[in-house]
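File shown here: my_file_7.csv, holding CSV, C-alpha atoms (C1' of nucleotides).
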chain,number,residue,atom,x,y,z
A,132,MET,CA,28.8,216.8,82.3
A,133,THR,CA,31.5,219.5,82.1
A,134,ARG,CA,35.0,218.4,82.6
A,135,LEU,CA,36.7,221.6,81.5
A,136,SER,CA,34.1,224.2,81.9
A,137,ARG,CA,34.2,227.9,81.3
A,138,GLU,CA,34.7,228.6,85.0
A,139,ILE,CA,37.8,226.5,85.0
A,140,LEU,CA,39.2,227.9,81.8
A,141,LEU,CA,38.5,231.5,82.5
A,142,PRO,CA,41.2,232.2,85.1
A,143,HIS,CA,43.9,230.9,82.8
A,144,LEU,CA,42.5,232.8,79.9
A,145,THR,CA,42.3,236.1,81.8
A,146,ALA,CA,45.8,235.6,83.2
A,147,HIS,CA,47.1,235.1,79.7
A,148,VAL,CA,45.4,238.2,78.4
A,149,LEU,CA,46.7,240.2,81.3
A,150,ASP,CA,50.2,239.4,80.6
A,151,ARG,CA,50.2,239.3,76.8
A,152,GLY,CA,47.7,242.1,76.1
A,153,LEU,CA,44.8,242.1,73.8
A,154,GLY,CA,47.1,242.0,70.8
A,155,GLY,CA,48.3,238.4,71.6
A,156,ALA,CA,44.8,237.2,72.3
A,157,SER,CA,44.2,234.8,69.5
A,158,LEU,CA,42.5,231.4,69.9
A,159,ARG,CA,45.4,229.0,69.7
A,160,PRO,CA,47.8,230.8,72.1
A,161,LEU,CA,44.8,231.3,74.5
A,162,ALA,CA,43.9,227.6,74.2
A,163,LYS,CA,47.5,226.5,74.9
A,164,ALA,CA,47.7,228.8,78.0
A,165,ALA,CA,44.5,227.2,79.3
A,166,GLY,CA,45.5,223.7,78.5
A,167,THR,CA,42.9,223.1,75.7
A,168,SER,CA,42.5,223.6,72.0
A,169,ASP,CA,41.0,226.4,70.0
A,170,ARG,CA,38.4,223.9,69.0
A,171,MET,CA,37.2,223.7,72.7
A,172,LEU,CA,37.3,227.4,73.3
A,173,ILE,CA,34.8,227.9,70.5
A,174,TYR,CA,32.8,225.0,71.8
A,175,HIS,CA,32.5,226.4,75.2
A,176,PHE,CA,32.1,230.1,74.4
A,177,GLY,CA,30.5,230.1,71.0
A,178,SER,CA,32.8,232.5,69.2
A,179,LYS,CA,35.9,234.6,69.7
A,180,ASP,CA,33.8,237.7,70.3
A,181,ALA,CA,31.9,236.0,73.1
A,182,LEU,CA,35.1,234.7,74.5
A,183,MET,CA,36.7,238.1,74.6
A,184,ALA,CA,33.6,239.6,76.2
A,185,GLU,CA,33.7,237.0,78.9
A,186,ILE,CA,37.4,237.5,79.5
A,187,LEU,CA,37.2,241.3,79.6
A,188,GLY,CA,34.2,241.0,81.9
A,189,ALA,CA,36.2,238.7,84.2
A,190,ILE,CA,39.2,241.1,84.1
A,191,ALA,CA,36.9,244.1,85.0
A,192,ALA,CA,35.4,242.2,87.8
A,193,ASP,CA,38.8,241.2,89.1
A,194,LEU,CA,40.0,244.8,88.9
A,195,SER,CA,36.9,246.0,90.7
A,196,ARG,CA,37.4,243.5,93.5
A,197,ARG,CA,41.0,244.3,94.0
A,198,LEU,CA,40.3,248.1,94.0
A,199,ASP,CA,37.6,247.6,96.6
A,200,ALA,CA,39.9,245.5,98.8
A,201,ALA,CA,42.7,248.0,98.5
A,202,ILE,CA,40.8,251.2,99.1
A,203,PRO,CA,37.8,251.2,101.4
A,204,ALA,CA,35.1,253.8,101.1
A,205,ARG,CA,35.5,257.1,102.9
A,206,ALA,CA,39.0,256.5,104.2
A,207,ALA,CA,40.8,259.2,102.4
A,208,VAL,CA,41.6,262.4,104.2
A,209,SER,CA,42.0,264.6,101.1
A,210,LEU,CA,41.6,264.5,97.3
A,211,ALA,CA,45.4,264.4,96.9
A,212,ALA,CA,45.6,261.5,99.3
A,213,LEU,CA,42.8,259.6,97.5
A,214,ALA,CA,44.4,260.2,94.1
A,215,ASP,CA,47.8,259.0,95.3
A,216,GLN,CA,46.3,255.9,96.8
A,217,VAL,CA,44.5,255.0,93.6
A,218,VAL,CA,47.6,255.7,91.5
A,219,ALA,CA,49.7,253.6,93.9
A,220,VAL,CA,47.4,250.7,93.6
A,221,ALA,CA,47.1,251.1,89.8
A,222,ARG,CA,50.9,250.9,89.6
A,223,SER,CA,51.2,247.8,91.7
A,224,PRO,CA,52.3,244.7,89.8
A,225,ASP,CA,48.9,243.1,90.6
A,226,LEU,CA,46.9,245.8,88.8
A,227,SER,CA,49.2,247.5,86.3
A,228,PRO,CA,48.3,244.8,83.7
A,229,HIS,CA,44.6,245.6,84.1
A,230,PHE,CA,45.3,249.2,83.1
A,231,ARG,CA,47.4,248.2,80.2
A,232,ILE,CA,44.3,246.3,78.9
A,233,TRP,CA,42.3,249.4,79.6
A,234,LEU,CA,44.5,251.4,77.2
A,235,ASP,CA,44.1,248.6,74.7
A,236,ILE,CA,40.3,248.9,74.9
A,237,LEU,CA,40.4,252.6,74.4
A,238,ALA,CA,42.7,252.4,71.4
A,239,GLY,CA,40.5,249.7,69.8
A,240,GLY,CA,38.0,252.5,69.2
A,241,GLN,CA,34.8,250.7,68.4
A,242,ASN,CA,34.4,249.9,72.1
A,243,ALA,CA,33.7,253.5,73.1
A,244,PRO,CA,30.2,252.6,74.5
A,245,MET,CA,31.6,249.9,76.8
A,246,ALA,CA,34.6,252.2,77.7
A,247,GLY,CA,32.1,254.9,78.7
A,248,LEU,CA,30.2,252.6,80.9
A,249,ILE,CA,33.5,251.4,82.6
A,250,LEU,CA,34.4,255.0,83.2
A,251,ASP,CA,31.0,255.8,84.6
A,252,GLY,CA,31.5,252.9,87.1
A,253,PHE,CA,34.9,254.1,88.0
A,254,LEU,CA,33.5,257.6,88.5
A,255,ALA,CA,30.9,256.3,90.9
A,256,TRP,CA,33.5,254.3,92.7
A,257,LEU,CA,35.6,257.4,93.2
A,258,THR,CA,32.6,259.5,94.3
A,259,CYS,CA,31.8,257.3,97.3
A,260,ARG,CA,35.5,257.4,98.3
A,261,LEU,CA,35.7,261.2,98.4
A,262,PRO,CA,36.5,262.8,101.8
A,263,ASP,CA,33.3,263.9,103.5
A,264,ASP,CA,34.1,267.5,103.6
A,265,VAL,CA,34.8,268.0,99.9
A,266,ALA,CA,33.0,270.7,98.0
A,267,ASP,CA,31.3,269.9,94.7
A,268,PRO,CA,31.7,266.1,94.9
A,269,GLU,CA,30.8,265.7,91.2
A,270,GLY,CA,33.4,268.1,90.0
A,271,ALA,CA,35.9,266.6,92.4
A,272,ALA,CA,35.3,263.1,91.2
A,273,ALA,CA,35.6,264.2,87.6
A,274,ALA,CA,38.9,266.0,88.4
A,275,LEU,CA,40.3,262.9,90.1
A,276,LEU,CA,39.2,260.7,87.2
A,277,ALA,CA,40.8,263.0,84.6
A,278,LEU,CA,44.0,263.2,86.6
A,279,ILE,CA,44.2,259.5,87.2
A,280,GLU,CA,43.7,258.7,83.6
A,281,GLY,CA,46.3,261.3,82.6
A,282,THR,CA,48.7,259.6,85.1
A,283,LEU,CA,48.0,256.2,83.5
A,284,VAL,CA,48.9,257.6,80.1
A,285,LEU,CA,52.1,259.2,81.3
A,286,ASP,CA,53.0,256.0,83.1
A,287,ALA,CA,52.5,254.1,79.9
A,288,ALA,CA,55.0,256.4,78.2
A,289,GLY,CA,57.5,256.0,81.1
A,290,ARG,CA,56.9,259.5,82.5
A,291,GLY,CA,55.2,258.6,85.8
A,292,ALA,CA,57.3,261.2,87.6
A,293,LEU,CA,55.8,264.0,85.5
A,294,ALA,CA,52.3,262.7,86.4
A,295,ASP,CA,53.2,262.8,90.1
A,296,ALA,CA,54.4,266.4,89.8
A,297,ALA,CA,51.2,267.3,88.0
A,298,ARG,CA,49.0,265.8,90.7
A,299,ARG,CA,51.1,267.6,93.4
A,300,ARG,CA,50.7,270.9,91.6
A,301,LEU,CA,46.9,270.5,91.1
A,302,LEU,CA,45.9,268.8,94.3
A,303,GLY,CA,48.6,269.7,96.7
A,304,THR,CA,50.7,267.3,98.7
A,305,PRO,CA,48.7,264.5,100.3
A,306,GLY,CA,48.5,264.1,104.0
B,1432,MET,CA,64.6,257.6,38.2
B,1433,THR,CA,61.7,257.5,40.6
B,1434,ARG,CA,58.2,257.4,39.2
B,1435,LEU,CA,56.3,256.7,42.4
B,1436,SER,CA,58.7,257.6,45.1
B,1437,ARG,CA,58.3,257.6,48.9
B,1438,GLU,CA,57.6,261.3,48.9
B,1439,ILE,CA,54.6,260.8,46.6
B,1440,LEU,CA,53.3,257.7,48.4
B,1441,LEU,CA,53.6,258.9,51.9
B,1442,PRO,CA,50.8,261.4,52.0
B,1443,HIS,CA,48.3,258.8,50.9
B,1444,LEU,CA,49.7,256.3,53.3
B,1445,THR,CA,49.5,258.7,56.3
B,1446,ALA,CA,46.0,259.7,55.3
B,1447,HIS,CA,44.9,256.1,55.2
B,1448,VAL,CA,46.5,255.3,58.6
B,1449,LEU,CA,44.9,258.4,60.1
B,1450,ASP,CA,41.4,257.4,59.2
B,1451,ARG,CA,41.7,253.6,59.7
B,1452,GLY,CA,44.0,253.5,62.7
B,1453,LEU,CA,47.1,251.4,63.3
B,1454,GLY,CA,45.0,248.2,63.3
B,1455,GLY,CA,44.0,248.4,59.7
B,1456,ALA,CA,47.6,249.3,58.6
B,1457,SER,CA,48.5,246.2,56.6
B,1458,LEU,CA,50.4,246.2,53.4
B,1459,ARG,CA,47.7,245.4,50.9
B,1460,PRO,CA,45.1,248.0,52.0
B,1461,LEU,CA,47.8,250.6,52.4
B,1462,ALA,CA,49.0,249.9,48.9
B,1463,LYS,CA,45.6,250.1,47.4
B,1464,ALA,CA,45.0,253.5,49.2
B,1465,ALA,CA,48.2,254.8,47.7
B,1466,GLY,CA,47.6,253.4,44.3
B,1467,THR,CA,50.4,250.8,44.3
B,1468,SER,CA,51.0,247.2,45.3
B,1469,ASP,CA,52.3,245.7,48.5
B,1470,ARG,CA,55.2,244.6,46.4
B,1471,MET,CA,56.1,248.2,45.7
B,1472,LEU,CA,55.7,249.3,49.3
B,1473,ILE,CA,58.3,246.8,50.4
B,1474,TYR,CA,60.5,247.8,47.5
B,1475,HIS,CA,60.4,251.5,48.4
B,1476,PHE,CA,60.6,251.2,52.2
B,1477,GLY,CA,62.4,247.9,52.8
B,1478,SER,CA,60.0,246.3,55.3
B,1479,LYS,CA,56.8,246.9,57.0
B,1480,ASP,CA,58.5,248.2,60.2
B,1481,ALA,CA,60.5,250.7,58.2
B,1482,LEU,CA,57.2,251.8,56.4
B,1483,MET,CA,55.4,252.3,59.7
B,1484,ALA,CA,58.3,254.2,61.2
B,1485,GLU,CA,58.2,256.6,58.2
B,1486,ILE,CA,54.4,256.9,58.3
B,1487,LEU,CA,54.4,257.6,62.1
B,1488,GLY,CA,57.2,260.1,61.7
B,1489,ALA,CA,55.2,261.9,59.0
B,1490,ILE,CA,52.1,261.9,61.2
B,1491,ALA,CA,54.0,263.3,64.1
B,1492,ALA,CA,55.5,266.0,61.9
B,1493,ASP,CA,52.1,266.9,60.6
B,1494,LEU,CA,50.6,267.0,64.1
B,1495,SER,CA,53.4,269.3,65.2
B,1496,ARG,CA,53.0,271.6,62.3
B,1497,ARG,CA,49.3,271.9,62.8
B,1498,LEU,CA,49.6,272.5,66.5
B,1499,ASP,CA,52.2,275.3,65.9
B,1500,ALA,CA,49.9,276.9,63.3
B,1501,ALA,CA,46.9,276.8,65.6
B,1502,ILE,CA,48.5,277.9,68.8
B,1503,PRO,CA,51.3,280.5,68.7
B,1504,ALA,CA,53.8,280.8,71.5
B,1505,ARG,CA,53.0,283.0,74.5
B,1506,ALA,CA,49.5,283.9,73.4
B,1507,ALA,CA,47.6,282.3,76.3
B,1508,VAL,CA,46.3,284.5,79.1
B,1509,SER,CA,46.0,281.7,81.7
B,1510,LEU,CA,46.6,278.0,82.2
B,1511,ALA,CA,43.0,277.3,81.9
B,1512,ALA,CA,42.8,279.2,78.6
B,1513,LEU,CA,45.8,277.4,77.2
B,1514,ALA,CA,44.5,274.0,78.2
B,1515,ASP,CA,41.2,274.7,76.6
B,1516,GLN,CA,42.8,275.9,73.4
B,1517,VAL,CA,44.9,272.8,73.1
B,1518,VAL,CA,41.9,270.6,73.8
B,1519,ALA,CA,39.8,272.4,71.3
B,1520,VAL,CA,42.4,271.9,68.6
B,1521,ALA,CA,42.9,268.3,69.6
B,1522,ARG,CA,39.2,267.7,69.2
B,1523,SER,CA,39.0,269.3,65.8
B,1524,PRO,CA,38.3,266.9,62.9
B,1525,ASP,CA,41.8,267.7,61.5
B,1526,LEU,CA,43.6,266.6,64.5
B,1527,SER,CA,41.5,264.1,66.4
B,1528,PRO,CA,42.7,261.2,64.1
B,1529,HIS,CA,46.3,262.0,65.2
B,1530,PHE,CA,45.4,261.5,68.9
B,1531,ARG,CA,43.6,258.3,68.1
B,1532,ILE,CA,46.9,257.1,66.7
B,1533,TRP,CA,48.6,258.3,69.8
B,1534,LEU,CA,46.4,256.0,71.9
B,1535,ASP,CA,47.2,253.2,69.5
B,1536,ILE,CA,50.9,253.8,70.1
B,1537,LEU,CA,50.5,253.9,73.8
B,1538,ALA,CA,48.5,250.7,73.9
B,1539,GLY,CA,51.1,248.9,71.7
B,1540,GLY,CA,53.3,248.9,74.7
B,1541,GLN,CA,56.7,248.2,73.2
B,1542,ASN,CA,56.9,251.7,71.9
B,1543,ALA,CA,57.3,253.2,75.4
B,1544,PRO,CA,60.6,254.8,74.6
B,1545,MET,CA,59.3,256.6,71.5
B,1546,ALA,CA,56.1,257.5,73.4
B,1547,GLY,CA,58.3,259.1,76.1
B,1548,LEU,CA,60.2,261.2,73.6
B,1549,ILE,CA,57.0,262.3,72.0
B,1550,LEU,CA,55.6,263.3,75.4
B,1551,ASP,CA,58.9,265.2,76.2
B,1552,GLY,CA,58.5,267.1,73.0
B,1553,PHE,CA,54.9,268.0,73.7
B,1554,LEU,CA,55.9,269.1,77.3
B,1555,ALA,CA,58.5,271.4,75.8
B,1556,TRP,CA,56.0,272.7,73.3
B,1557,LEU,CA,53.6,273.4,76.2
B,1558,THR,CA,56.3,275.0,78.3
B,1559,CYS,CA,57.0,277.8,75.8
B,1560,ARG,CA,53.3,278.5,75.5
B,1561,LEU,CA,52.7,279.1,79.2
B,1562,PRO,CA,51.6,282.6,80.2
B,1563,ASP,CA,54.5,284.8,81.2
B,1564,ASP,CA,53.3,285.2,84.8
B,1565,VAL,CA,52.9,281.6,85.7
B,1566,ALA,CA,54.6,280.3,88.8
B,1567,ASP,CA,56.6,277.1,88.7
B,1568,PRO,CA,56.6,276.7,84.9
B,1569,GLU,CA,57.8,273.1,85.0
B,1570,GLY,CA,55.0,272.0,87.4
B,1571,ALA,CA,52.5,274.0,85.4
B,1572,ALA,CA,53.5,272.3,82.1
B,1573,ALA,CA,53.4,268.9,83.7
B,1574,ALA,CA,49.9,269.7,85.1
B,1575,LEU,CA,48.7,270.7,81.7
B,1576,LEU,CA,50.2,267.6,80.1
B,1577,ALA,CA,48.5,265.3,82.5
B,1578,LEU,CA,45.2,267.0,82.3
B,1579,ILE,CA,45.2,267.1,78.5
B,1580,GLU,CA,46.1,263.4,78.3
B,1581,GLY,CA,43.4,262.7,80.7
B,1582,THR,CA,41.0,264.6,78.6
B,1583,LEU,CA,42.0,262.6,75.5
B,1584,VAL,CA,41.3,259.4,77.4
B,1585,LEU,CA,37.9,260.6,78.5
B,1586,ASP,CA,37.1,261.8,75.0
B,1587,ALA,CA,38.0,258.4,73.6
B,1588,ALA,CA,35.4,256.9,75.9
B,1589,GLY,CA,32.8,259.5,75.0
B,1590,ARG,CA,33.0,261.4,78.2
B,1591,GLY,CA,34.5,264.6,77.0
B,1592,ALA,CA,32.1,266.6,79.2
B,1593,LEU,CA,33.5,265.0,82.3
B,1594,ALA,CA,37.0,266.1,81.2
B,1595,ASP,CA,35.8,269.7,80.7
B,1596,ALA,CA,34.3,269.7,84.2
B,1597,ALA,CA,37.6,268.4,85.6
B,1598,ARG,CA,39.6,271.1,83.9
B,1599,ARG,CA,37.2,273.7,85.1
B,1600,ARG,CA,37.5,272.5,88.7
B,1601,LEU,CA,41.3,272.2,88.6
B,1602,LEU,CA,42.3,275.2,86.5
B,1603,GLY,CA,39.3,277.5,86.9
B,1604,THR,CA,37.2,278.9,84.0
B,1605,PRO,CA,39.4,280.4,81.2
B,1606,GLY,CA,39.3,284.0,80.3
C,92,DC,C1',71.3,251.7,19.4
C,93,DC,C1',72.2,249.2,23.3
C,94,DT,C1',73.5,248.1,27.7
C,95,DT,C1',72.5,248.8,32.4
C,96,DT,C1',69.8,250.0,36.1
C,97,DA,C1',65.5,251.4,38.2
C,98,DT,C1',60.9,250.3,38.5
C,99,DT,C1',56.8,247.3,38.2
C,100,DG,C1',53.7,243.0,37.5
C,101,DT,C1',52.5,238.2,38.6
C,102,DA,C1',52.5,234.4,41.3
C,103,DG,C1',53.4,232.3,45.2
C,104,DC,C1',55.2,230.8,50.0
C,105,DA,C1',54.8,230.0,54.9
C,106,DT,C1',52.3,231.3,58.7
C,107,DG,C1',48.5,232.6,61.5
C,108,DC,C1',43.7,233.6,61.8
C,109,DG,C1',38.6,232.3,63.2
C,110,DC,C1',35.9,228.6,62.5
C,111,DT,C1',33.8,224.0,61.0
C,112,DA,C1',33.0,218.9,59.6
C,113,DC,C1',33.4,214.6,61.1
C,114,DA,C1',34.6,211.1,64.0
C,115,DT,C1',35.5,209.6,68.5
C,116,DT,C1',35.5,209.0,73.5
C,117,DC,C1',33.6,209.7,77.9
C,118,DT,C1',30.0,209.9,81.3
C,119,DC,C1',25.7,209.5,83.2
C,120,DG,C1',20.8,208.2,83.7
C,121,DC,C1',18.1,204.2,82.9
D,1063,DG,C1',25.0,197.1,80.1
D,1064,DC,C1',23.3,200.5,77.1
D,1065,DG,C1',21.8,204.3,74.7
D,1066,DA,C1',22.1,209.5,74.7
D,1067,DG,C1',24.3,213.4,74.9
D,1068,DA,C1',28.2,215.9,76.4
D,1069,DA,C1',33.1,216.6,75.6
D,1070,DT,C1',37.2,216.2,72.9
D,1071,DG,C1',40.6,215.1,68.9
D,1072,DT,C1',42.0,215.5,64.0
D,1073,DA,C1',42.0,217.6,60.0
D,1074,DG,C1',41.1,221.2,57.2
D,1075,DC,C1',38.8,225.4,54.9
D,1076,DG,C1',39.1,230.1,53.3
D,1077,DC,C1',41.2,234.2,54.2
D,1078,DA,C1',44.8,237.6,55.4
D,1079,DT,C1',49.4,238.6,56.7
D,1080,DG,C1',54.5,240.0,55.6
D,1081,DC,C1',57.5,239.0,52.2
D,1082,DT,C1',60.0,236.9,48.0
D,1083,DA,C1',61.4,234.8,43.3
D,1084,DC,C1',61.3,235.6,38.7
D,1085,DA,C1',60.4,237.9,34.9
D,1086,DA,C1',59.0,241.9,32.3
D,1087,DT,C1',59.2,246.7,31.2
D,1088,DA,C1',60.9,251.5,31.2
D,1089,DA,C1',64.3,254.9,31.2
D,1090,DA,C1',68.6,256.8,30.9
D,1091,DG,C1',73.6,257.1,29.7
D,1092,DG,C1',77.3,255.6,26.8
In C-alpha cells, what does this structure look like?
Amino acid sequence: MTRLSREILLPHLTAHVLDRGLGGASLRPLAKAAGTSDRMLIYHFGSKDALMAEILGAIAADLSRRLDAAIPARAAVSLAALADQVVAVARSPDLSPHFRIWLDILAGGQNAPMAGLILDGFLAWLTCRLPDDVADPEGAAAALLALIEGTLVLDAAGRGALADAARRRLLGTPG
Amino acid sequence: MTRLSREILLPHLTAHVLDRGLGGASLRPLAKAAGTSDRMLIYHFGSKDALMAEILGAIAADLSRRLDAAIPARAAVSLAALADQVVAVARSPDLSPHFRIWLDILAGGQNAPMAGLILDGFLAWLTCRLPDDVADPEGAAAALLALIEGTLVLDAAGRGALADAARRRLLGTPG
DNA sequence: CCTTTATTGTAGCATGCGCTACATTCTCGC
DNA sequence: GCGAGAATGTAGCGCATGCTACAATAAAGG
C-alpha cells in the first residue's frame, strides 16, 4: 500500500512551487521540500512533466477554490467594485503567489493552449459575477479580464498604484 | 586590437535571445549563434550576468527605437486610436519577440526594479503621444498602459480577440 | 626583429539536471 | 510464516550549465 502517496506529497509540492516559482521547481529541491527523494517523485508521478502538470493543476484548483470563497456570485454592485474586489483578493498574501506562477506560465510560451483555457475559465467565472444590470455582459467581462491582467502586470513591476489609477479612470470609483 | 568585439557580437546575441527567449539564453548556444565560443563571451563581457544586462539593454534600446519610428508624438486622434496603434505595432512580427522577452523579465521576479523603470519609461512615452485634447493626461496614460499590458497578456494566451473587445468597450471604437 | 599585449583554442572542473538500475525493506493477503 | 508486490535507498549515468587554467597565436609598437 501507499505510505507516501501523491495526495500526501502534493500539498508540500504545491507550497514549494508557490513560494519558489516555476524556476526553482527541480526534482531534488521539490523532493526535499516534500520529505522524499527525487527517486520517489519520479516513482509516484512518472516523469517531471507529469509531476508539474499535477502540481499546476492543484495550484489552479486551489486558486479557483479561494476565489470562489472570497467572491460569491452576483454580489458586486458595479464593474468597478467587482474589479477592485478581484484585485484586492489577487493581491492578498494567500493568492499573490498563484498569480506569480501565472506570469511564469505565460512567459514559458509553449503553454499557450493551457493558458488560453485558464483564461477562458476565469472569463466565465467573471461573467457570472457581473452585476445584474450590466449592459453587454460579454464585453464587460472581457474588459474586466483585460484590466485585471494589466493590473497584475503592473503589480509585478511594482507599479500597482498606476493600475489602480487606470481602473478608476476606466471604470469609475467603486461603490 | 579587437577582432570580434562586443559591438560586433551583440546584434547576433540579441537576435538569438529575441527568437529563443530568455530560457534558451545559455552561453554555448549564444556563442554558437554569434560565431564564437562560450569562452570568448565571458572574455568580452566578464560574466553571464553582465552579458545578459548588455543584451537586455540592447533589446530595450531597439524596442524604443522601433516604437519611436512607428508612432510619432502627438499623431493620435483619440485614446482608442493610440491604443490600437500601439497594440498593432506590438503585435507586428518585428516587435512581438520584444514583448515576449518583457513577459520573461516580469516572471523572473527579481527584476522588479528594472521592470518598474521600463514601465515608467513606457508611461512617459505614452504620455507625450496622447491627443492634445485629452482630460487628465496622467490618468489617461495609466489607463492606456494597463490596457496595453492586459492586451499583451491576453495575446500571450492566444486570446487577442478578447483584448480587442475589451479595448473597444472601455475606449470606444477608434477613428 | 622582438617584446608585449590582445585575442583565441582546448580541455576541463564542479554543480545541477532528469532519470534509471539494482538492491533492499516493508506490508499485506494467504 | 511466507511469498508477492508495493515502496524506498544508494549509486550513478549522460548531459548541460557557468566558468577557469593553460597554452597557443596574432598583432602592434619599440
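Taking only C-alpha atoms (C1' of nucleotides) into account, B:Ser1436 lies nearest to C:DT98 out of the set C:DT116, C:DT111, C:DT106, C:DT98.
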If we count all atoms listed in the file, which residues of chain D reach to within 8 Å of chain B? Please list them as a ChimeraX atom specification.
/D:1079-1080,1089
So which residues touch stretch 1591-1597 of chain B within 6 Å, counting only C-alpha atoms (C1' of nucleotides), skipping near sequence neighbours fewer than 3 positions away, as a ChimeraX atom specification?
/A:273-274,277 /B:1582,1585-1586,1600
Determine the nearest neighbour of A:Ala204 from the options A:Arg260, A:Arg299, A:Lys163, A:Arg290, counting all atoms listed in the file.
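Using all atoms listed in the file, the shortest distance to A:Ala204 belongs to A:Arg260.
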For atom CA of A:Ala189 and atom CA of B:Gly1539, determine how far apart the two atoms are, in Å to one decimal place.
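These two atoms are separated by 22.0 Å.
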In Å to one decimal, how far is atom CA of B:Ile1490 from atom C1' of C:DA97?
28.6 Å
Give me, as JSON, numbers by chain, the residues of chain A touching chain B, with the criterion being at most 10 Å (counting all atoms listed in the file).
{"A": [152, 153, 154, 230, 231, 232, 233, 234, 235, 236, 237, 238, 239, 240, 241, 242, 243, 244, 245, 246, 247, 248, 249, 250, 251, 254, 267, 269, 270, 271, 272, 273, 274, 275, 276, 277, 278, 279, 280, 281, 282, 283, 284, 285, 286, 287, 288, 289, 290, 292, 293, 294, 295, 296, 297, 298, 299, 300, 301, 302]}
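If you look at atom CA of B:Thr1467 and atom C1' of D:DA1090, they are 23.4 Å away from each other.
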Using all atoms listed in the file, I'd like every residue of chain C that has an atom within 9 Å of chain A; please write them out as a PyMOL selection string.
chain C and resi 108-110+118-119
C:DC104: which residues within 10 Å, counting all atoms listed in the file, same-chain residues fewer than 6 positions away excluded, as a PyMOL selection string?
chain D and resi 1081-1083
Given the selection you just returned, output its residues as a file containing C-alpha atoms (C1' of nucleotides), formatted as an mmCIF file, keeping the file's coordinate frame.
data_model
loop_
_atom_site.group_PDB
_atom_site.id
_atom_site.type_symbol
_atom_site.label_atom_id
_atom_site.label_comp_id
_atom_site.auth_asym_id
_atom_site.auth_seq_id
_atom_site.Cartn_x
_atom_site.Cartn_y
_atom_site.Cartn_z
ATOM 1 C "C1'" DC D 1081 57.500 239.000 52.200
ATOM 2 C "C1'" DT D 1082 60.000 236.900 48.000
ATOM 3 C "C1'" DA D 1083 61.400 234.800 43.300
#
Skip C:DA112 itself and residues of its chain fewer than 4 positions away, then list as a count of residues only all residues within 10 Å of it, counting only C-alpha atoms (C1' of nucleotides).
3
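With all atoms listed in the file taken into account, the protein and nucleic acid residues at most 8 Å from stretch 1518-1520 of chain B (excluding it and anything under 3 positions from it in its own chain) are B:Leu1498, B:Ala1501, B:Ala1514, B:Asp1515, B:Ser1523, B:Leu1526, B:Ile1579, B:Thr1582.
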With C-alpha atoms retained, could you export that selection as a PDB file, keeping the file's coordinate frame?
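This went into result_15.pdb:
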ATOM      1  CA  LEU B1498      49.600 272.500  66.500  1.00  0.00           C
ATOM      2  CA  ALA B1501      46.900 276.800  65.600  1.00  0.00           C
ATOM      3  CA  ALA B1514      44.500 274.000  78.200  1.00  0.00           C
ATOM      4  CA  ASP B1515      41.200 274.700  76.600  1.00  0.00           C
ATOM      5  CA  SER B1523      39.000 269.300  65.800  1.00  0.00           C
ATOM      6  CA  LEU B1526      43.600 266.600  64.500  1.00  0.00           C
ATOM      7  CA  ILE B1579      45.200 267.100  78.500  1.00  0.00           C
ATOM      8  CA  THR B1582      41.000 264.600  78.600  1.00  0.00           C
TER       9      THR B1582
END
With all atoms listed in the file as the atoms that count, which of B:Arg1437, B:His1443, B:Ser1468, B:Asp1450 lies nearest to C:DG100?
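Looking at the shortest contact to C:DG100, the residue is B:Ser1468.
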Who sits within 10 Å of C:DT115, all atoms listed in the file, same chain under 2 positions skipped, as a list in words
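The contact residues come out as DC113 and DC117 of chain C; DT1070, DG1071 and DT1072 of chain D.
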